[in-house]
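Participant: Below is the file structure-v4.tsv, with TSV, C-alpha atoms.
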```tsv
chain	number	residue	atom	x	y	z
A	32	MET	CA	-64.02	-5.46	9.44
A	33	SER	CA	-63.93	-9.00	10.78
A	34	MET	CA	-60.95	-11.32	10.93
A	35	ASN	CA	-63.12	-13.86	9.11
A	36	ASN	CA	-63.25	-11.60	6.06
A	37	LEU	CA	-59.48	-11.81	5.58
A	38	ASN	CA	-57.63	-14.67	3.93
A	39	PHE	CA	-54.66	-15.51	6.14
A	40	ASP	CA	-52.09	-18.15	5.30
A	41	ASP	CA	-51.47	-20.70	8.03
A	42	GLN	CA	-48.42	-19.29	9.83
A	43	TYR	CA	-47.62	-21.03	13.09
A	44	GLY	CA	-47.04	-18.88	16.16
A	45	ILE	CA	-48.51	-15.63	14.75
A	46	LEU	CA	-51.32	-13.89	16.64
A	47	ARG	CA	-53.69	-11.60	14.74
A	48	THR	CA	-56.01	-9.18	16.49
A	49	PHE	CA	-57.78	-5.86	15.91
A	50	SER	CA	-57.01	-2.95	18.24
A	51	ASP	CA	-58.90	0.30	18.86
A	52	SER	CA	-55.72	1.97	20.18
A	53	MET	CA	-53.01	3.60	18.11
A	54	PRO	CA	-49.59	1.90	18.15
A	55	THR	CA	-47.65	3.02	21.20
A	56	HIS	CA	-44.30	3.81	19.63
A	57	TYR	CA	-44.57	4.69	15.94
A	58	THR	CA	-46.84	5.16	12.92
A	59	PHE	CA	-46.04	6.10	9.37
A	60	LYS	CA	-48.35	6.90	6.47
A	61	ILE	CA	-47.70	6.19	2.82
A	62	GLN	CA	-49.49	8.47	0.37
A	63	LEU	CA	-49.77	7.83	-3.36
A	64	PHE	CA	-48.99	4.18	-2.68
A	65	SER	CA	-49.43	3.26	-6.36
A	66	LEU	CA	-46.30	5.21	-7.26
A	67	MET	CA	-44.18	2.69	-5.34
A	68	SER	CA	-44.95	0.05	-7.95
A	69	LYS	CA	-44.77	2.53	-10.81
A	70	HIS	CA	-41.21	3.43	-9.81
A	71	SER	CA	-40.27	-0.17	-8.96
A	72	LEU	CA	-39.63	0.65	-5.29
A	73	LYS	CA	-39.00	-2.78	-3.77
A	74	ARG	CA	-38.34	-1.70	-0.17
A	75	TYR	CA	-39.11	1.32	1.95
A	76	GLU	CA	-37.51	2.05	5.34
A	77	SER	CA	-39.14	4.40	7.81
A	78	GLU	CA	-37.32	6.99	9.87
A	79	ASP	CA	-35.74	5.79	13.12
A	80	PHE	CA	-37.86	5.79	16.28
A	81	GLU	CA	-36.97	5.00	19.88
A	82	ALA	CA	-38.45	2.31	22.12
A	83	GLY	CA	-37.00	0.57	25.15
A	84	GLY	CA	-33.80	2.59	24.96
A	85	TYR	CA	-32.98	1.51	21.40
A	86	LYS	CA	-33.56	2.91	17.93
A	87	TRP	CA	-35.74	0.99	15.50
A	88	LYS	CA	-37.27	1.38	12.06
A	89	LEU	CA	-39.80	-0.42	9.89
A	90	ALA	CA	-38.97	-2.05	6.55
A	91	PHE	CA	-41.89	-2.44	4.14
A	92	TYR	CA	-41.97	-4.49	0.91
A	93	PRO	CA	-45.06	-3.51	-1.16
A	94	ASN	CA	-44.67	-6.53	-3.45
A	95	GLY	CA	-43.29	-8.94	-0.86
A	96	ASN	CA	-39.72	-9.73	0.14
A	97	LYS	CA	-38.34	-11.36	-3.01
A	98	SER	CA	-35.19	-12.50	-1.22
A	99	LYS	CA	-37.48	-14.86	0.73
A	100	ASN	CA	-39.52	-15.82	-2.33
A	101	VAL	CA	-42.63	-14.03	-1.05
A	102	LYS	CA	-45.40	-13.80	-3.64
A	103	GLU	CA	-48.79	-12.03	-3.66
A	104	HIS	CA	-48.27	-10.59	-0.16
A	105	ILE	CA	-46.89	-7.46	1.45
A	106	SER	CA	-43.98	-7.95	3.89
A	107	LEU	CA	-43.31	-5.88	7.01
A	108	TYR	CA	-40.34	-6.07	9.42
A	109	LEU	CA	-39.02	-4.41	12.55
A	110	VAL	CA	-35.33	-3.49	12.22
A	111	LEU	CA	-32.87	-2.59	14.97
A	112	ALA	CA	-31.40	0.66	13.65
A	113	GLY	CA	-28.00	2.25	14.19
A	114	ALA	CA	-26.30	-1.08	14.80
A	115	ASN	CA	-22.59	-1.41	14.09
A	116	GLY	CA	-21.78	-4.38	11.87
A	117	PRO	CA	-18.57	-5.52	13.64
A	118	GLN	CA	-20.45	-5.83	16.94
A	119	THR	CA	-21.90	-9.27	16.21
A	120	CYS	CA	-22.09	-10.62	19.75
A	121	TRP	CA	-24.53	-8.33	21.58
A	122	GLU	CA	-28.20	-9.25	21.87
A	123	VAL	CA	-31.50	-7.41	22.40
A	124	TYR	CA	-34.58	-9.50	23.19
A	125	ALA	CA	-37.86	-7.79	22.31
A	126	ALA	CA	-41.54	-8.55	21.89
A	127	PHE	CA	-43.28	-6.46	19.25
A	128	ARG	CA	-46.50	-5.91	17.35
A	129	LEU	CA	-46.76	-4.48	13.82
A	130	PHE	CA	-49.93	-2.70	12.72
A	131	LEU	CA	-51.94	-1.78	9.64
A	132	LEU	CA	-54.84	0.69	9.95
A	133	ASP	CA	-58.35	-0.18	8.80
A	134	GLN	CA	-59.29	3.36	7.75
A	135	ASN	CA	-62.97	2.47	7.33
A	136	ASN	CA	-63.44	1.53	10.99
A	137	GLY	CA	-60.53	3.25	12.75
A	138	LYS	CA	-59.13	-0.06	13.98
A	139	TYR	CA	-55.64	-1.48	13.60
A	140	LEU	CA	-54.89	-4.98	12.39
A	141	ALA	CA	-52.04	-6.17	14.65
A	142	LEU	CA	-49.68	-9.08	14.04
A	143	GLN	CA	-47.57	-10.46	16.88
A	144	GLU	CA	-45.42	-13.52	17.37
A	145	GLN	CA	-46.07	-15.64	20.45
A	146	LYS	CA	-42.45	-15.43	21.58
A	147	GLU	CA	-39.96	-12.60	21.83
A	148	ARG	CA	-37.21	-12.31	19.24
A	149	CYS	CA	-33.47	-11.81	19.60
A	150	PHE	CA	-31.99	-8.93	17.57
A	151	HIS	CA	-28.20	-8.87	17.17
A	152	GLY	CA	-25.43	-7.81	14.82
A	153	ILE	CA	-25.99	-10.66	12.38
A	154	LYS	CA	-29.81	-10.73	12.59
A	155	LEU	CA	-31.08	-7.13	12.77
A	156	ASP	CA	-34.67	-7.65	11.59
A	157	TRP	CA	-37.68	-9.76	12.48
A	158	GLY	CA	-41.20	-9.56	11.20
A	159	PHE	CA	-43.72	-11.04	8.81
A	160	ASP	CA	-42.91	-12.28	5.31
A	161	GLN	CA	-46.63	-12.64	4.57
A	162	PHE	CA	-48.09	-9.79	6.59
A	163	LEU	CA	-51.22	-9.64	4.43
A	164	SER	CA	-52.20	-10.82	0.98
A	165	GLN	CA	-52.07	-8.14	-1.69
A	166	LYS	CA	-55.66	-9.03	-2.59
A	167	ASP	CA	-56.92	-8.17	0.91
A	168	PHE	CA	-54.58	-5.18	1.20
A	169	THR	CA	-55.81	-3.52	-2.01
A	170	ASP	CA	-59.51	-4.35	-1.51
A	171	ALA	CA	-60.98	-0.92	-0.64
A	172	SER	CA	-63.80	-2.54	1.39
A	173	ASN	CA	-61.20	-3.75	3.91
A	174	GLY	CA	-60.04	-0.18	4.56
A	175	PHE	CA	-56.30	-0.82	4.46
A	176	LEU	CA	-55.64	1.10	1.25
A	177	VAL	CA	-57.99	4.09	0.92
A	178	ASP	CA	-57.51	6.97	-1.52
A	179	ASP	CA	-54.14	5.44	-2.43
A	180	ALA	CA	-52.89	5.79	1.18
A	181	CYS	CA	-52.12	3.36	4.03
A	182	VAL	CA	-50.89	3.61	7.63
A	183	PHE	CA	-48.50	1.23	9.42
A	184	GLY	CA	-47.33	1.20	13.03
A	185	ALA	CA	-45.22	-0.56	15.65
A	186	GLU	CA	-44.98	-1.31	19.35
A	187	VAL	CA	-41.71	-2.63	20.78
A	188	PHE	CA	-41.09	-3.92	24.31
A	189	VAL	CA	-37.50	-4.78	25.21
A	190	ARG	CA	-37.30	-7.75	27.59
A	191	LYS	CA	-33.55	-8.25	27.98
A	192	GLU	CA	-30.54	-6.01	27.49
A	193	ARG	CA	-27.60	-6.60	25.20
A	194	SER	CA	-24.67	-8.76	26.24
A	195	THR	CA	-21.21	-7.30	26.89
A	196	CYS	CA	-19.16	-9.60	24.68
A	197	LYS	CA	-17.34	-8.36	21.60
A	198	GLY	CA	-17.01	-9.69	18.10
A	199	GLU	CA	-16.12	-8.69	14.58
A	200	CYS	CA	-17.19	-9.26	11.01
A	201	LEU	CA	-14.76	-9.72	8.09
A	202	SER	CA	-16.36	-8.82	4.76
A	203	MET	CA	-14.53	-10.00	1.63
A	204	ILE	CA	-15.02	-8.45	-1.81
A	205	LYS	CA	-15.23	-11.06	-4.56
A	206	ASP	CA	-13.62	-10.14	-7.89
A	207	ALA	CA	-12.44	-6.77	-6.58
A	208	VAL	CA	-12.22	-4.07	-9.23
A	209	MET	CA	-8.87	-2.47	-10.04
A	210	TYR	CA	-8.89	1.33	-9.80
A	211	LYS	CA	-6.39	3.79	-11.26
A	212	HIS	CA	-5.70	7.38	-10.32
A	213	VAL	CA	-3.13	9.69	-11.95
A	214	TRP	CA	-1.65	12.78	-10.32
A	215	LYS	CA	0.59	15.00	-12.42
A	216	ILE	CA	2.76	17.42	-10.40
A	217	GLU	CA	3.76	20.56	-12.30
A	218	ASN	CA	6.69	22.94	-11.64
A	219	LEU	CA	8.35	20.73	-9.07
A	220	SER	CA	11.30	23.10	-8.57
A	221	LYS	CA	8.98	25.96	-7.59
A	222	LEU	CA	7.11	24.08	-4.86
A	223	ASP	CA	7.95	25.70	-1.53
A	224	GLU	CA	5.32	24.32	0.85
A	225	GLU	CA	6.11	21.43	3.15
A	226	SER	CA	3.39	19.23	1.66
A	227	TYR	CA	0.68	19.13	-1.00
A	228	ASP	CA	-2.51	17.06	-1.34
A	229	SER	CA	-3.91	15.63	-4.54
A	230	GLU	CA	-7.56	16.04	-5.33
A	231	THR	CA	-9.77	13.51	-3.57
A	232	PHE	CA	-10.63	10.40	-5.58
A	233	ILE	CA	-12.92	7.45	-4.89
A	234	ALA	CA	-11.83	3.83	-5.01
A	235	GLY	CA	-13.46	0.87	-3.31
A	236	ASP	CA	-16.28	3.10	-2.00
A	237	GLN	CA	-13.76	5.13	0.02
A	238	LYS	CA	-12.35	8.60	-0.52
A	239	TRP	CA	-8.56	8.78	-0.90
A	240	LYS	CA	-5.85	11.35	-1.47
A	241	ILE	CA	-2.11	11.44	-2.11
A	242	GLU	CA	0.08	13.59	0.14
A	243	PHE	CA	3.30	14.84	-1.46
A	244	TYR	CA	6.39	16.23	0.34
A	245	PRO	CA	8.76	17.91	-2.16
A	246	MET	CA	11.63	18.02	0.36
A	247	GLY	CA	10.85	14.67	1.91
A	248	ARG	CA	10.04	13.92	5.53
A	249	ASP	CA	11.15	11.61	8.32
A	250	ASP	CA	14.09	9.46	7.12
A	251	GLY	CA	13.77	10.92	3.63
A	252	LYS	CA	14.07	14.56	4.69
A	253	ASP	CA	16.22	16.56	2.22
A	254	SER	CA	17.19	13.40	0.35
A	255	HIS	CA	13.98	12.05	-1.19
A	256	LEU	CA	10.63	13.09	-2.53
A	257	SER	CA	8.12	11.58	-0.10
A	258	ILE	CA	4.55	10.53	-0.67
A	259	ASP	CA	1.72	9.17	1.50
A	260	LEU	CA	-1.35	7.28	0.38
A	261	ALA	CA	-4.10	8.32	2.82
A	262	LEU	CA	-7.79	8.09	3.54
A	263	ALA	CA	-9.27	11.50	2.72
A	264	ASP	CA	-11.87	11.16	5.47
A	265	PRO	CA	-10.70	8.74	8.20
A	266	THR	CA	-13.81	9.49	10.25
A	267	SER	CA	-15.89	7.64	7.64
A	268	LEU	CA	-14.63	4.44	9.28
A	269	SER	CA	-15.89	3.54	12.72
A	270	PRO	CA	-13.21	3.27	15.45
A	271	THR	CA	-13.37	-0.54	15.21
A	272	SER	CA	-13.29	-0.81	11.40
A	273	LYS	CA	-10.28	-1.51	9.20
A	274	LEU	CA	-9.88	-1.45	5.43
A	275	TYR	CA	-7.30	-3.68	3.76
A	276	ALA	CA	-5.90	-2.37	0.47
A	277	GLN	CA	-3.48	-3.78	-2.09
A	278	PHE	CA	-1.94	-1.19	-4.37
A	279	THR	CA	0.98	-0.36	-6.63
A	280	LEU	CA	2.78	2.99	-6.90
A	281	ARG	CA	4.36	3.80	-10.27
A	282	LEU	CA	6.58	6.65	-11.51
A	283	VAL	CA	6.14	7.41	-15.22
A	284	ASP	CA	8.84	8.82	-17.45
A	285	PRO	CA	7.34	12.21	-18.55
A	286	VAL	CA	9.08	12.02	-21.93
A	287	TYR	CA	8.63	8.35	-22.75
A	288	SER	CA	5.35	7.49	-21.01
A	289	HIS	CA	5.61	3.82	-22.03
A	290	ARG	CA	8.59	3.54	-19.65
A	291	HIS	CA	7.93	3.59	-15.95
A	292	PHE	CA	9.55	2.74	-12.66
A	293	GLU	CA	7.43	0.49	-10.46
A	294	TYR	CA	8.02	0.90	-6.76
A	295	GLY	CA	8.62	-2.64	-5.46
A	296	THR	CA	5.80	-5.14	-5.70
A	297	LYS	CA	2.22	-4.70	-4.62
A	298	ALA	CA	2.05	-2.95	-1.26
A	299	THR	CA	-0.60	-3.79	1.35
A	300	TRP	CA	-1.88	-1.90	4.37
A	301	TRP	CA	-4.69	-1.99	6.93
A	302	PHE	CA	-6.15	1.52	6.86
A	303	SER	CA	-8.19	2.69	9.84
A	304	ALA	CA	-9.30	5.86	11.63
A	305	SER	CA	-6.22	5.64	13.86
A	306	SER	CA	-3.87	4.64	11.01
A	307	PRO	CA	-5.22	6.49	7.96
A	308	LYS	CA	-2.12	6.55	5.75
A	309	LEU	CA	0.81	4.51	4.46
A	310	ARG	CA	4.08	6.38	4.12
A	311	GLU	CA	6.44	5.48	1.32
A	312	LEU	CA	9.15	7.15	-0.78
A	313	ILE	CA	8.37	7.74	-4.45
A	314	SER	CA	8.50	10.60	-6.97
A	315	LEU	CA	6.70	12.78	-9.47
A	316	TYR	CA	3.98	11.00	-11.51
A	317	VAL	CA	1.93	8.42	-9.64
A	318	TYR	CA	-0.50	5.69	-10.66
A	319	VAL	CA	-2.31	4.00	-7.77
A	320	TYR	CA	-4.07	0.65	-8.20
A	321	PHE	CA	-6.35	-0.85	-5.54
A	322	ASN	CA	-7.98	-4.08	-4.46
A	323	PHE	CA	-9.99	-4.09	-1.22
A	324	ILE	CA	-11.11	-6.23	1.66
A	325	GLN	CA	-13.40	-4.58	4.23
A	326	ASN	CA	-13.16	-5.55	7.89
```
Please lay out the structure from this file as structure tokens.

Facilitator:
Amino acid sequence: MSMNNLNFDDQYGILRTFSDSMPTHYTFKIQLFSLMSKHSLKRYESEDFEAGGYKWKLAFYPNGNKSKNVKEHISLYLVLAGANGPQTCWEVYAAFRLFLLDQNNGKYLALQEQKERCFHGIKLDWGFDQFLSQKDFTDASNGFLVDDACVFGAEVFVRKERSTCKGECLSMIKDAVMYKHVWKIENLSKLDEESYDSETFIAGDQKWKIEFYPMGRDDGKDSHLSIDLALADPTSLSPTSKLYAQFTLRLVDPVYSHRHFEYGTKATWWFSASSPKLRELISLYVYVYFNFIQN
């Protein structure tokens, strides 16, 4: 295989070479490649691998990265894995090469940018929109796709460490969907435990539950029925994440269901791992409505 046999688009700053050596840090093989198109698989992410003290992965687009209007090419990117979205201020500078094996000659086509790239919380991936034309990739004489299989690889060399500054990312949900959950409590007079939990329900991509205290608690002890709206799994949020929810608690008349008592106006609360519940006083039948903003 010669570089002259391949049709490369003019991409400034990209070095292309052939290497006899395997990629230093990672390789992954795709078998039955044709099934990716058959099942409309637009993107494949490899398992995480470690290089330079950080975890990385490869992202492969068999029909090109459509979000960047790539046509008639395969796209391949290096992604900094395990990064926490709210940490937008740290930086990792790395030089890298991405590889594709010529199985006919046992050589690797390697693409490399002339300068190192900065990976951070807002920009987690760098790579090549037009790694190789689909025509050259699928031509069996080139050796890249043989017996419906191909092999990719990566080398990553970290040049500079991350910064120590902190930041955050506020993610807003446009046209948030309203959710409703109903919990009917039977045989109230026979409840003798301090508290009861509703079944877990999902709203806004989070798991929730209602905690009920028949004899009340805190300032409502022995004088009110008390209820908490709580995250069912607070550990699903990172220590630095918060979830803002708007909701309404309603008590329905069990005889005339069209009549109900609405507790105040819409309540709001920032839920987090350290503050996973909102405590309010309410009673019996509960409807809970949600709108969300993720932070």

Participant: Excluding A:Phe159 and any residue of its chain fewer than 4 positions from it, enumerate the residues within 12 Å of it, using all atoms listed in the file, and give them as a ChimeraX atom specification.

Facilitator: /A:40,42-47,89-92,95-96,99,101,104-110,127-130,141-144,163-164

Participant: With C-alpha atoms kept, could you save the residues just selected as an mmCIF file, keeping the file's coordinate frame?

Facilitator:
```
data_model
loop_
_atom_site.group_PDB
_atom_site.id
_atom_site.type_symbol
_atom_site.label_atom_id
_atom_site.label_comp_id
_atom_site.auth_asym_id
_atom_site.auth_seq_id
_atom_site.Cartn_x
_atom_site.Cartn_y
_atom_site.Cartn_z
ATOM 1 C CA ASP A 40 -52.090 -18.150 5.300
ATOM 2 C CA GLN A 42 -48.420 -19.290 9.830
ATOM 3 C CA TYR A 43 -47.620 -21.030 13.090
ATOM 4 C CA GLY A 44 -47.040 -18.880 16.160
ATOM 5 C CA ILE A 45 -48.510 -15.630 14.750
ATOM 6 C CA LEU A 46 -51.320 -13.890 16.640
ATOM 7 C CA ARG A 47 -53.690 -11.600 14.740
ATOM 8 C CA LEU A 89 -39.800 -0.420 9.890
ATOM 9 C CA ALA A 90 -38.970 -2.050 6.550
ATOM 10 C CA PHE A 91 -41.890 -2.440 4.140
ATOM 11 C CA TYR A 92 -41.970 -4.490 0.910
ATOM 12 C CA GLY A 95 -43.290 -8.940 -0.860
ATOM 13 C CA ASN A 96 -39.720 -9.730 0.140
ATOM 14 C CA LYS A 99 -37.480 -14.860 0.730
ATOM 15 C CA VAL A 101 -42.630 -14.030 -1.050
ATOM 16 C CA HIS A 104 -48.270 -10.590 -0.160
ATOM 17 C CA ILE A 105 -46.890 -7.460 1.450
ATOM 18 C CA SER A 106 -43.980 -7.950 3.890
ATOM 19 C CA LEU A 107 -43.310 -5.880 7.010
ATOM 20 C CA TYR A 108 -40.340 -6.070 9.420
ATOM 21 C CA LEU A 109 -39.020 -4.410 12.550
ATOM 22 C CA VAL A 110 -35.330 -3.490 12.220
ATOM 23 C CA PHE A 127 -43.280 -6.460 19.250
ATOM 24 C CA ARG A 128 -46.500 -5.910 17.350
ATOM 25 C CA LEU A 129 -46.760 -4.480 13.820
ATOM 26 C CA PHE A 130 -49.930 -2.700 12.720
ATOM 27 C CA ALA A 141 -52.040 -6.170 14.650
ATOM 28 C CA LEU A 142 -49.680 -9.080 14.040
ATOM 29 C CA GLN A 143 -47.570 -10.460 16.880
ATOM 30 C CA GLU A 144 -45.420 -13.520 17.370
ATOM 31 C CA LEU A 163 -51.220 -9.640 4.430
ATOM 32 C CA SER A 164 -52.200 -10.820 0.980
#
```

Participant: Taking 2 positions as the minimum chain separation for residues in the same chain, which residues sit within 10 Å of stretch 265-268 of chain A when counting only C-alpha atoms? Answer as a list of chain:residue names.

Facilitator: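 Surrounding residues, per the criterion: A:Gln237, A:Lys238, A:Trp239, A:Ala261, A:Leu262, A:Ala263, A:Pro270, A:Thr271, A:Ser272, A:Lys273, A:Leu274, A:Phe302, A:Ser303, A:Ala304, A:Ser305, A:Ser306, A:Pro307, A:Lys308.
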
Participant: Grab the atom CA of A:Ala234 to atom CA of A:Ile216 distance for me, in Å with one decimal place.

Facilitator: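 Distance reported for this atom pair: 20.7 Å.
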
Participant: If you measure from atom CA of A:Asp178 to atom CA of A:Gly137, what distance in Å do you get, rounded to one decimal?

Facilitator: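 Distance between the two atoms: 15.1 Å.
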
Participant: Please provide as an MDAnalysis selection string all residues within 9 Å of stretch 72-88 of chain A, with the sequence filter that same-chain residues fewer than 6 positions apart are discarded (counting only C-alpha atoms).

Facilitator: chainID A and resid 56:57 59 66 94:97 108:114 125 185:190

Participant: Atom CA of A:Phe243 and atom CA of A:Thr231 are how many Å apart?

Facilitator: 13.3 Å

Participant: Using all atoms listed in the file, find the one residue out of A:Pro93, A:Thr48, A:Ser202, A:Tyr139 that sits nearest to A:Thr169.

Facilitator: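 Under the stated criterion, the closest residue is A:Pro93.
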
Participant: Determine, counting all atoms listed in the file, which protein, DNA and RNA residues have an atom within 12 Å of an atom of A:Val177; residues of the same chain fewer than 6 positions away are not included. Present the result as a VMD selection string.

Facilitator: chain A and resid 60 to 65 132 to 136 168 to 171

Participant: Please determine, counting all atoms listed in the file, which residue among A:Asp264, A:Asp156, A:Asp253, A:Asp223 has the shortest atom-to-atom distance to A:Lys240.

Facilitator: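 Of the candidates, the smallest distance to A:Lys240 is held by A:Asp264.
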
Participant: Write out as a PyMOL selection string which residues come within 10 Å of A:Tyr227 when counting all atoms listed in the file, dropping same-chain ones fewer than 3 positions away.

Facilitator: chain A and resi 216+222-224+230+241-245+258
